Protein chains: 4
Amino acid sequence: MARTTGSNGEETKARIRSCALSLIADHGFEAMSMRRLAAAVGVQSAALYRYFPTKQALLAALMTGHMNQLLAAWAEAIPGDSAAPLTRLDAFARFHIRYHMARPHEVFIAYMELRSLSPVHYKAVGKLRSTYEGILKDILTDGSQCGDFQLDDVHVTAMAMLAMLTGVTTWYQPGGGLSAADVEAHYTALVCRMAMTDFTDTTELPQQAAR
Amino acid sequence: MARTTGSNGEETKARIRSCALSLIADHGFEAMSMRRLAAAVGVQSAALYRYFPTKQALLAALMTGHMNQLLAAWAEAIPGDSAAPLTRLDAFARFHIRYHMARPHEVFIAYMELRSLSPVHYKAVGKLRSTYEGILKDILTDGSQCGDFQLDDVHVTAMAMLAMLTGVTTWYQPGGGLSAADVEAHYTALVCRMAMTDFTDTTELPQQAAR
Amino acid sequence: MARTTGSNGEETKARIRSCALSLIADHGFEAMSMRRLAAAVGVQSAALYRYFPTKQALLAALMTGHMNQLLAAWAEAIPGDSAAPLTRLDAFARFHIRYHMARPHEVFIAYMELRSLSPVHYKAVGKLRSTYEGILKDILTDGSQCGDFQLDDVHVTAMAMLAMLTGVTTWYQPGGGLSAADVEAHYTALVCRMAMTDFTDTTELPQQAAR
Amino acid sequence: MARTTGSNGEETKARIRSCALSLIADHGFEAMSMRRLAAAVGVQSAALYRYFPTKQALLAALMTGHMNQLLAAWAEAIPGDSAAPLTRLDAFARFHIRYHMARPHEVFIAYMELRSLSPVHYKAVGKLRSTYEGILKDILTDGSQCGDFQLDDVHVTAMAMLAMLTGVTTWYQPGGGLSAADVEAHYTALVCRMAMTDFTDTTELPQQAAR
DNA sequence: AATGAATGAGTATTCATTCAT
DNA sequence: CATGAATGAATACTCATTCAT
């Protein structure tokens with residue numbers, strides 16, 4: 001036999017992508033076999049190679065796809081460079097949390113499977129990641145320069161904020177006592193506190209408090 | 001050949017542990033083959049099985065070992081429950097950052113390979129993890145109750161802080177412009193800001209700022 | 001390489017079966033490695049798993065296949081329940097000897113590798129075996145009831161006859177002084193003697209003779 | 001450590017033998033690992049090699065041991081060459097059944113694991129086996145010559161009798177409706193019938209019966 | 001557009017055996 | 001007399017991938 005009647009290339013490709021996301025999120029990229037993926041999609045494994053030349057290419061497609069969509073989504077949601085830094089920071093935090101909580105599979109994979117990428121793809125995804133980090137760093141730099149924020153180090157603060165925000169996917173389970181909106185509000189508040197400055201430098205505080 | 005002259009069980013076991021840490025950190029647990037591990041240790045793969053009955057058992061030993069050492073190290077470093085919450089929070093943050101920056105392999109594995117654990121081991125490690133999280137939560141709760149901290153939600157804040165602190169291992173490279181002491185200071189400051197309250201509730205700020 | 005030009009699934013499967021029969025008969029099931037089997041068939045070991053999911057499944061297929069063919073062959077050769085018991089017994093003995101001498105490999109395996117079967121398969125094969133034993137027991141029972149045979153115990157006699165008849169494969173080598181037809185005649189005669197009764201009960205004879 | 005206090009060579013050797021008999025009977029020789037055997041005995045596997053230089057040697061020891069004991073036991077039980085052939089046949093049958101039913105493990109192994117023997121050991125065991133078969137053949141020959149038995153072929157008859165008698169171990173389970181004495185009586189009767197002649201040649205009977 | 005048949009390299013694990021102690 | 005540490009070869013089985021159809 002050959003072509004299954006009624007089969008359609010685009011549809012199959014989309015099914016492969018979504019099945020792969022589930023399987024990788026559940027078992028990890030290395031642990032997902034092309035056979036299992038094919039079974040989930042409902043084709044023979046040989047058919048997968050019509051759409052993605054290698055397993056690596058599939059992972060790369062998933063990850064760059066995710067990063068590109070993330071950047072595109074931000075471009076749409078963007079409040080503009082002209083707004084006040086705190087407004088922009090708040091918007092960024094809300095956007096990030098909301099976007100990530102809605103796509104736990106993609107996010108998990110984007111962070112966990114970086115090491116499974118071949119050097120070439122790793123570099124490409126790294127670039128997209130840097131672009132995204134740049135958005136936050138620009139906001140922090142602007143706020144720092146105009147005096148709205150007081151930060152020890154823009155880079156460190158940005159990395160800390162992103163780790164914190166992205167970390168939500170590792171513990172949040174919908175259906176518990178907290179709504180997604182609650183989480184979004186709490187995390188956004190924490191991010192803003194981290195940037196705001198109206199309190200004495202904390203590196204001295206403990207000693208004071210210990211007095 | 002049989003027993004190598006001068007070979008010693010305890011030593012071999014330690015070498016297996018440390019080689020496994022490197023290899024898993026670099027390639028992931030699934031991607032580390034027992035053959036490659038044996039080669040790194042300098043024995044035949046069959047020899048590994050004298051020390052760890054399965055690959056799973058090796059991972060579990062590594063992870064529970066790490067968590068137990070972490071808890072033991074804290075118990076030693078502990079400033080006592082009687083100190084002021086902010087002092088204790090500061091101490092916790094510094095301890096966590098310092099401990100984790102010194103053991104990037106263990107930390108990476110402890111967070112990345114949870115899913116590779118079998119259910120039984122997963123549960124065991126989960127318990128140890130909760131114990132550690134409990135330390136921070138207790139500090140936050142105490143600070144909240146005595147009014148030193150003002151927090152929206154102890155659990156959310158604790159999770160956010162831990163993700164942020166632990167995240168340092170994903171980007172920090174010694175030898176850049178930042179010293180480990182700088183990073184420790186910055187992160188500790190951020191943690192304290194997240195707990196301190198002497199500025200208006202940020203959930204309202206953005207709207208104000210957007211005016 | 002991939003698919004060999006002109007390769008055909010059914011053919012490969014048949015070749016696997018027949019090579020497996022030879023190898024198991026020669027070395028035993030446990031001692032036959034899938035590698036050696038693959039080499040005998042002329043494929044890579046991985047190819048075997050397209051046809052039989054496990055080594056166990058291959059053994060089970062061989063053994064149930066043998067038993068089913070044996071039962072089918074009898075159903076075809078059957079002289080009918082209406083014939084005289086002695087006629088039927090003679091027919092059974094001839095059939096059994098002839099069938100077994102023609103398939104020494106299958107027979108040897110069917111008796112020797114029972115213990116290598118997993119419990120599930122063991123039970124299935126056991127059922128088929130009982131069905132076959134039932135054929136002989138029915139003949140003996142009928143002959144006993146109509147007085148043609150005089151038997152101490154139908155079950156014991158049936159077991160004894162089957163062990164005797166099947167045992168031929170352990171020593172008979174074609175090309176010696178005895179033809180297969182001779183063996184068939186001799187064994188059939190022995191079976192009939194075991195069932196016939198026109199001589200004094202032998203359990204008393206030795207004592208008499210010993211007098 | 002070295003010698004376990006109180007350990008004794010002869011005792012250990014005997015324990016190895018008896019544990020090996022159980023394990024081989026249960027799982028087969030190939031499936032019994034020296035490790036499992038050592039565990040059953042309560043020593044390290046290396047210790048086994050003090051008593052048997054290889055796994056093969058252990059099997060050979062078990063099998064030649066069994067055959068030698070069998071022959072020795074017959075020599076003791078022997079009723080003498082002067083008795084009447086039927087008496088001697090009866091005695092042989094009773095002896096064989098009794099001896100074999102009492103040692104199912106040894107018997108099972110002696111018949112099932114012949115193929116696991118290396119050529120050298122196979123030949124040695126084969127010789128002992130032939131000696132034992134010779135006992136029966138002599139009885140049959142004597143009975144044939146003096147006219148007490150009428151046999152088509154001494155060799156075929158002997159083989160048939162031995163297969164039949166030995167087969168008892170494959171189905172008899174003590175504790176059912178049949179006592180060991182019953183089985184002995186039934187089998188002995190069958191053997192005697194096979195040798196006795198006072199009924200028309202059975203090879204012609206079926207045709208008659210089919211009339 | 002997809003299948004059915006196959007490959008070759010790899011997996012974790014187990015084996016009988018050895019030898020320094 | 002026996003152990004503890006190790007070996008080297010083997011085991012059943014799985015993998016990503018290929019290619020004729």
# chains A, B, ... in the order shown; residues from 1 in each chain; ligands from 1
>>> residues_around(residues="Glu184 (chain A)", least_positions_apart="3", cutoff="12 Å", atoms="only C-alpha atoms (C1' of nucleotides)", output="PyMOL selection string")
(chain A and resi 90-102+165-166+168-169+172+178-181+187-191) or (chain B and resi 152+156+160+203)
>>> closest_atom_pairs(of="chain E", to="chain B", cutoff="12 Å", atoms="only C-alpha atoms (C1' of nucleotides)", output="tab-separated table")
residue	atom	partner	partner_atom	distance
E:DG10	C1'	B:Ser33	CA	9.6
E:DT11	C1'	B:Ser33	CA	7.7
E:DA12	C1'	B:Met34	CA	7.4
E:DT13	C1'	B:Ala46	CA	8.2
E:DT14	C1'	B:Ala46	CA	8.4
E:DC15	C1'	B:Ala46	CA	10.0
E:DT17	C1'	B:Ala2	CA	8.6
E:DT18	C1'	B:Ala2	CA	4.8
E:DC19	C1'	B:Ala2	CA	5.4
E:DA20	C1'	B:Thr5	CA	6.3
E:DT21	C1'	B:Thr5	CA	9.4
>>> closest_residue(among="B:Ile109, B:Ala60, B:Leu86, B:Ala158", to="chain A", atoms="only C-alpha atoms")
B:Leu86
>>> residues_around(residues="region 112-124 of chain D", least_positions_apart="3", cutoff="9 Å", atoms="only C-alpha atoms (C1' of nucleotides)", output="number ranges by chain")
C: 26-28, 31, 112; D: 24-25, 28-30, 56-57, 59-60, 63-64, 107-109, 127-129
>>> select_by_dssp(residues="chain B", states="helix (DSSP H, G or I)", output="ChimeraX atom specification")
/B:9-27,34-41,45-48,55-77,85-102,104-112,114-116,119-145,154-166,168-171,180-195,205-210
>>> interface_residues(of="chain F", to="chain A", cutoff="12 Å", atoms="only C-alpha atoms (C1' of nucleotides)", output="MDAnalysis selection string")
chainID F and resid 14:19 21
>>> atom_distance(atom1="CA of Val183 (chain D)", atom2="CA of Thr170 (chain D)")
13.0 Å
>>> atom_distance(atom1="CA of Ser130 (chain C)", atom2="CA of Met67 (chain C)")
10.4 Å
>>> atom_distance(atom1="CA of Gln173 (chain C)", atom2="CA of His186 (chain C)")
15.4 Å
>>> closest_residue(among="A:Gly9, A:Gly167, A:Gly126, A:Gly147", to="chain B", atoms="only C-alpha atoms")
A:Gly167
